Amino acid sequence: MKALVTGANGFTGAHLVQALVHQGNTVVGLVRKSSNLARLSGCNVELVYGDITDRDALRTAMNGVDTVFHTAAYVELGIVNEAEMERVNVEGTRVVLEVAQAFAVSMVYCSTIGIFGDTKGQVVNETFQRTQSDFSSAYDRTKYQAQQLVDQYASNGFPVVSVLPSGIFGADDPHFGPVIQLFLKRRLKLWVGSDRITGVVHVDDLASAMILANQKGKSGDYYIISSGDLTTREMFLLLSQKTGIPVPTEVPKPLVRLTGNLLDPIGHLFQWQPPLSRERVHYIYDRCVRVDATKACYQLGWQPRSILETLLTSCPQTALSTEW
């Protein structure tokens, strides 16, 4: 198979490229001229340079391709450039769909469980219909709108499957990875939202799920990709039991909310991403999305690692050898 991976240099994209190459596939990666290609170092991938909305670059990248794996996205909470996020997540997905359809190329779309909105702690599967009428963030809105485009193309006969991952973990995870590193270095003394429930999946398990979705998935279907969920407190307790490092102290909720309210206008004024903002505080305390990934295991034959193994294999090897 010859595959195109959009956002090939990103966290998910690079791991997917490596998995596809390892299986003997020919891989093309769409990256920007400004992209950091460190994750693709030593990987046998043909690179095409261009923006996700660049039709000419996408036509070049899709020439002779069988499947496109669309992972490119602007992922961020807090103070974001909403117009740019919409351009990348919504318009970018529209252009990828348009060119893929013109080239008769099938597609696997990397969506998110966030499209379901706040499930208020209810564990849901792929049949769940979103009940939240508003949106918790620009990311929430733009990924939902992108999914609507994907569903529209699928209903018109375009072969596309959507995978919906929960929180993606890995040793080079740019989001929660730095937190784990601080913890392992004994420098994380305080934390917030220990009761927040987080779904987790290892990035390599997500890559294998996307490949299986291409092989076995039904066009138009959703496949939730998650190894399960746990609270942040449980996450730190598991790591603490393995390392002997104390669990961080919980910061009182009223203080966290106050800090978010104070830092939010400052962040907007100076285009600065504060560690806490109203939006981030909302995700910590007020929004809870829980999911059941049985369908992917049953229909695709997906076999993810356990939550504990996901956490342990998401720790940097240098830290593992030092602490364990």
# chains A, B, ... in the order shown; residues from 1 in each chain; ligands from 1
call {"tool": "closest_atom_pairs", "arguments": {"of": "segment 145-173 of chain A", "to": "segment 75-90 of chain A", "cutoff": "9 Å", "atoms": "only C-alpha atoms", "output": "tab-separated table"}}
result
residue	atom	partner	partner_atom	distance
A:Gln145	CA	A:Val90	CA	6.3
A:Ala146	CA	A:Val90	CA	4.7
A:Gln147	CA	A:Val90	CA	8.5
A:Leu149	CA	A:Val90	CA	8.1
call {"tool": "select_by_dssp", "arguments": {"residues": "segment 26-270 of chain A", "states": "helix (DSSP H, G or I)", "output": "PyMOL selection string"}}
result
chain A and resi 38-40+55-62+82-102+113-116+138-155+177-184+203-216+232-243+253-270
call {"tool": "closest_residue", "arguments": {"among": "A:Ser240, A:Ser277, A:Ser35, A:Thr93", "to": "Ile52 of chain A", "atoms": "only C-alpha atoms"}}
result
A:Thr93
call {"tool": "residues_around", "arguments": {"residues": "Gln101 of chain A", "least_positions_apart": "3", "cutoff": "10 Å", "atoms": "only C-alpha atoms", "output": "ChimeraX atom specification"}}
result
/A:95-98,104-107,153,157-160
call {"tool": "write_last_selection", "arguments": {"atoms": "C-alpha atoms", "output": "compact mmCIF listing (two decimals), in the first residue's frame"}}
result
# COMPACT_ATOMS: atom_id res chain seq x y z
CA VAL A 95 -9.58 20.47 1.19
CA VAL A 96 -8.14 17.04 2.05
CA LEU A 97 -11.57 15.47 1.49
CA GLU A 98 -12.03 17.35 -1.78
CA ALA A 104 -10.42 8.30 -5.69
CA VAL A 105 -8.32 7.85 -2.54
CA SER A 106 -9.88 6.39 0.61
CA MET A 107 -9.34 8.12 3.94
CA TYR A 153 -18.70 13.06 2.46
CA GLY A 157 -20.41 7.57 -0.82
CA PHE A 158 -16.83 8.70 -0.15
CA PRO A 159 -14.86 5.90 1.60
CA VAL A 160 -13.77 7.39 4.93
call {"tool": "atom_distance", "arguments": {"atom1": "atom CA of Asp221 of chain A", "atom2": "atom CA of Pro165 of chain A"}}
result
14.0 Å
call {"tool": "closest_residue", "arguments": {"among": "A:Ser41, A:Ser111, A:Thr259, A:Thr12", "to": "Val161 of chain A", "atoms": "only C-alpha atoms"}}
result
A:Ser111
call {"tool": "residues_around", "arguments": {"residues": "Glu309 of chain A", "least_positions_apart": "5", "cutoff": "12 Å", "atoms": "only C-alpha atoms", "output": "PyMOL selection string"}}
result
chain A and resi 169-170+200-202+205+227-228+235+238-239+242+304+314-315
call {"tool": "write_last_selection", "arguments": {"atoms": "C-alpha atoms", "output": "PDB file, in the first residue's frame"}}
result
ATOM      1  CA  PHE A 169       0.204   9.340  25.566  1.00  0.00           C
ATOM      2  CA  GLY A 170       3.771   8.433  24.627  1.00  0.00           C
ATOM      3  CA  VAL A 200      -5.772   7.351  27.763  1.00  0.00           C
ATOM      4  CA  VAL A 201      -4.349   5.556  24.754  1.00  0.00           C
ATOM      5  CA  HIS A 202      -0.745   4.980  23.752  1.00  0.00           C
ATOM      6  CA  ASP A 205      -1.804   1.756  19.823  1.00  0.00           C
ATOM      7  CA  SER A 227      -7.471   1.863  26.720  1.00  0.00           C
ATOM      8  CA  GLY A 228      -9.764   3.095  29.503  1.00  0.00           C
ATOM      9  CA  MET A 235      -2.451   8.280  37.467  1.00  0.00           C
ATOM     10  CA  LEU A 238       0.326   4.442  39.903  1.00  0.00           C
ATOM     11  CA  LEU A 239       3.502   6.328  39.039  1.00  0.00           C
ATOM     12  CA  LYS A 242       6.465   2.438  40.812  1.00  0.00           C
ATOM     13  CA  PRO A 304      -4.364  -1.982  23.134  1.00  0.00           C
ATOM     14  CA  SER A 314       4.992   6.891  28.172  1.00  0.00           C
ATOM     15  CA  CYS A 315       7.809   7.688  30.596  1.00  0.00           C
TER      16      CYS A 315
END
call {"tool": "closest_residue", "arguments": {"among": "A:Val192, A:Leu311, A:Cys288, A:Ile224", "to": "Leu255 of chain A", "atoms": "only C-alpha atoms"}}
result
A:Val192
call {"tool": "closest_residue", "arguments": {"among": "A:Glu46, A:Asp229, A:Asp54, A:Asp134", "to": "Lys2 of chain A", "atoms": "only C-alpha atoms"}}
result
A:Glu46
call {"tool": "select_by_dssp", "arguments": {"residues": "segment 45-171 of chain A", "states": "strand (DSSP E or B)", "output": "list in words"}}
result
Glu46, Leu47, Val48, Tyr49, Thr67, Val68, Phe69, His70, Ser106, Met107, Val108, Tyr109, Cys110, Val123, Val124, Val160, Val161, Ser162, Val163, Leu164, Pro165, Gly167, Ile168 and Phe169 of chain A
call {"tool": "write_last_selection", "arguments": {"atoms": "N, CA and C atoms", "output": "JSON list (two decimals), in the first residue's frame"}}
result
[["chain", "number", "residue", "atom", "x", "y", "z"],
["A", 46, "GLU", "N", 8.76, 9.69, 2.01],
["A", 46, "GLU", "CA", 8.88, 10.74, 0.99],
["A", 46, "GLU", "C", 8.12, 11.97, 1.48],
["A", 47, "LEU", "N", 8.79, 13.09, 1.55],
["A", 47, "LEU", "CA", 8.17, 14.30, 2.07],
["A", 47, "LEU", "C", 7.69, 15.21, 0.95],
["A", 48, "VAL", "N", 6.49, 15.72, 1.12],
["A", 48, "VAL", "CA", 5.94, 16.75, 0.24],
["A", 48, "VAL", "C", 5.66, 17.96, 1.12],
["A", 49, "TYR", "N", 6.17, 19.11, 0.71],
["A", 49, "TYR", "CA", 6.04, 20.31, 1.52],
["A", 49, "TYR", "C", 4.85, 21.14, 1.08],
["A", 67, "THR", "N", -4.41, 5.36, 0.16],
["A", 67, "THR", "CA", -5.14, 5.85, 1.33],
["A", 67, "THR", "C", -4.45, 7.07, 1.92],
["A", 68, "VAL", "N", -5.27, 8.02, 2.39],
["A", 68, "VAL", "CA", -4.72, 9.16, 3.12],
["A", 68, "VAL", "C", -5.14, 9.04, 4.58],
["A", 69, "PHE", "N", -4.17, 9.16, 5.47],
["A", 69, "PHE", "CA", -4.43, 9.21, 6.90],
["A", 69, "PHE", "C", -4.32, 10.67, 7.31],
["A", 70, "HIS", "N", -5.45, 11.26, 7.66],
["A", 70, "HIS", "CA", -5.48, 12.70, 7.95],
["A", 70, "HIS", "C", -5.33, 12.92, 9.45],
["A", 106, "SER", "N", -9.13, 6.57, -0.63],
["A", 106, "SER", "CA", -9.88, 6.39, 0.61],
["A", 106, "SER", "C", -9.19, 7.15, 1.74],
["A", 107, "MET", "N", -9.88, 7.27, 2.88],
["A", 107, "MET", "CA", -9.34, 8.12, 3.94],
["A", 107, "MET", "C", -9.65, 7.56, 5.32],
["A", 108, "VAL", "N", -8.69, 7.71, 6.23],
["A", 108, "VAL", "CA", -8.90, 7.47, 7.66],
["A", 108, "VAL", "C", -8.67, 8.81, 8.33],
["A", 109, "TYR", "N", -9.68, 9.27, 9.06],
["A", 109, "TYR", "CA", -9.63, 10.58, 9.70],
["A", 109, "TYR", "C", -9.40, 10.43, 11.20],
["A", 110, "CYS", "N", -8.39, 11.13, 11.71],
["A", 110, "CYS", "CA", -8.12, 11.13, 13.14],
["A", 110, "CYS", "C", -8.94, 12.24, 13.79],
["A", 123, "VAL", "N", -20.59, 7.03, 30.46],
["A", 123, "VAL", "CA", -19.73, 6.29, 29.54],
["A", 123, "VAL", "C", -20.53, 6.04, 28.26],
["A", 124, "VAL", "N", -20.01, 6.52, 27.13],
["A", 124, "VAL", "CA", -20.76, 6.44, 25.88],
["A", 124, "VAL", "C", -19.99, 5.65, 24.83],
["A", 160, "VAL", "N", -14.54, 6.78, 3.84],
["A", 160, "VAL", "CA", -13.77, 7.39, 4.93],
["A", 160, "VAL", "C", -14.22, 6.78, 6.25],
["A", 161, "VAL", "N", -13.25, 6.49, 7.09],
["A", 161, "VAL", "CA", -13.49, 5.95, 8.43],
["A", 161, "VAL", "C", -12.91, 6.93, 9.44],
["A", 162, "SER", "N", -13.60, 7.13, 10.56],
["A", 162, "SER", "CA", -13.14, 8.05, 11.60],
["A", 162, "SER", "C", -12.72, 7.30, 12.86],
["A", 163, "VAL", "N", -11.51, 7.59, 13.33],
["A", 163, "VAL", "CA", -11.08, 7.05, 14.63],
["A", 163, "VAL", "C", -11.11, 8.20, 15.63],
["A", 164, "LEU", "N", -11.60, 7.90, 16.84],
["A", 164, "LEU", "CA", -11.82, 8.92, 17.85],
["A", 164, "LEU", "C", -10.99, 8.58, 19.09],
["A", 165, "PRO", "N", -9.75, 9.06, 19.15],
["A", 165, "PRO", "CA", -8.91, 8.74, 20.31],
["A", 165, "PRO", "C", -9.25, 9.58, 21.54],
["A", 167, "GLY", "N", -7.21, 10.72, 25.35],
["A", 167, "GLY", "CA", -5.93, 11.37, 25.56],
["A", 167, "GLY", "C", -4.76, 10.53, 25.07],
["A", 168, "ILE", "N", -3.94, 11.08, 24.20],
["A", 168, "ILE", "CA", -2.87, 10.32, 23.54],
["A", 168, "ILE", "C", -1.58, 10.47, 24.33],
["A", 169, "PHE", "N", -1.01, 9.34, 24.75],
["A", 169, "PHE", "CA", 0.20, 9.34, 25.57],
["A", 169, "PHE", "C", 1.36, 8.69, 24.80]]
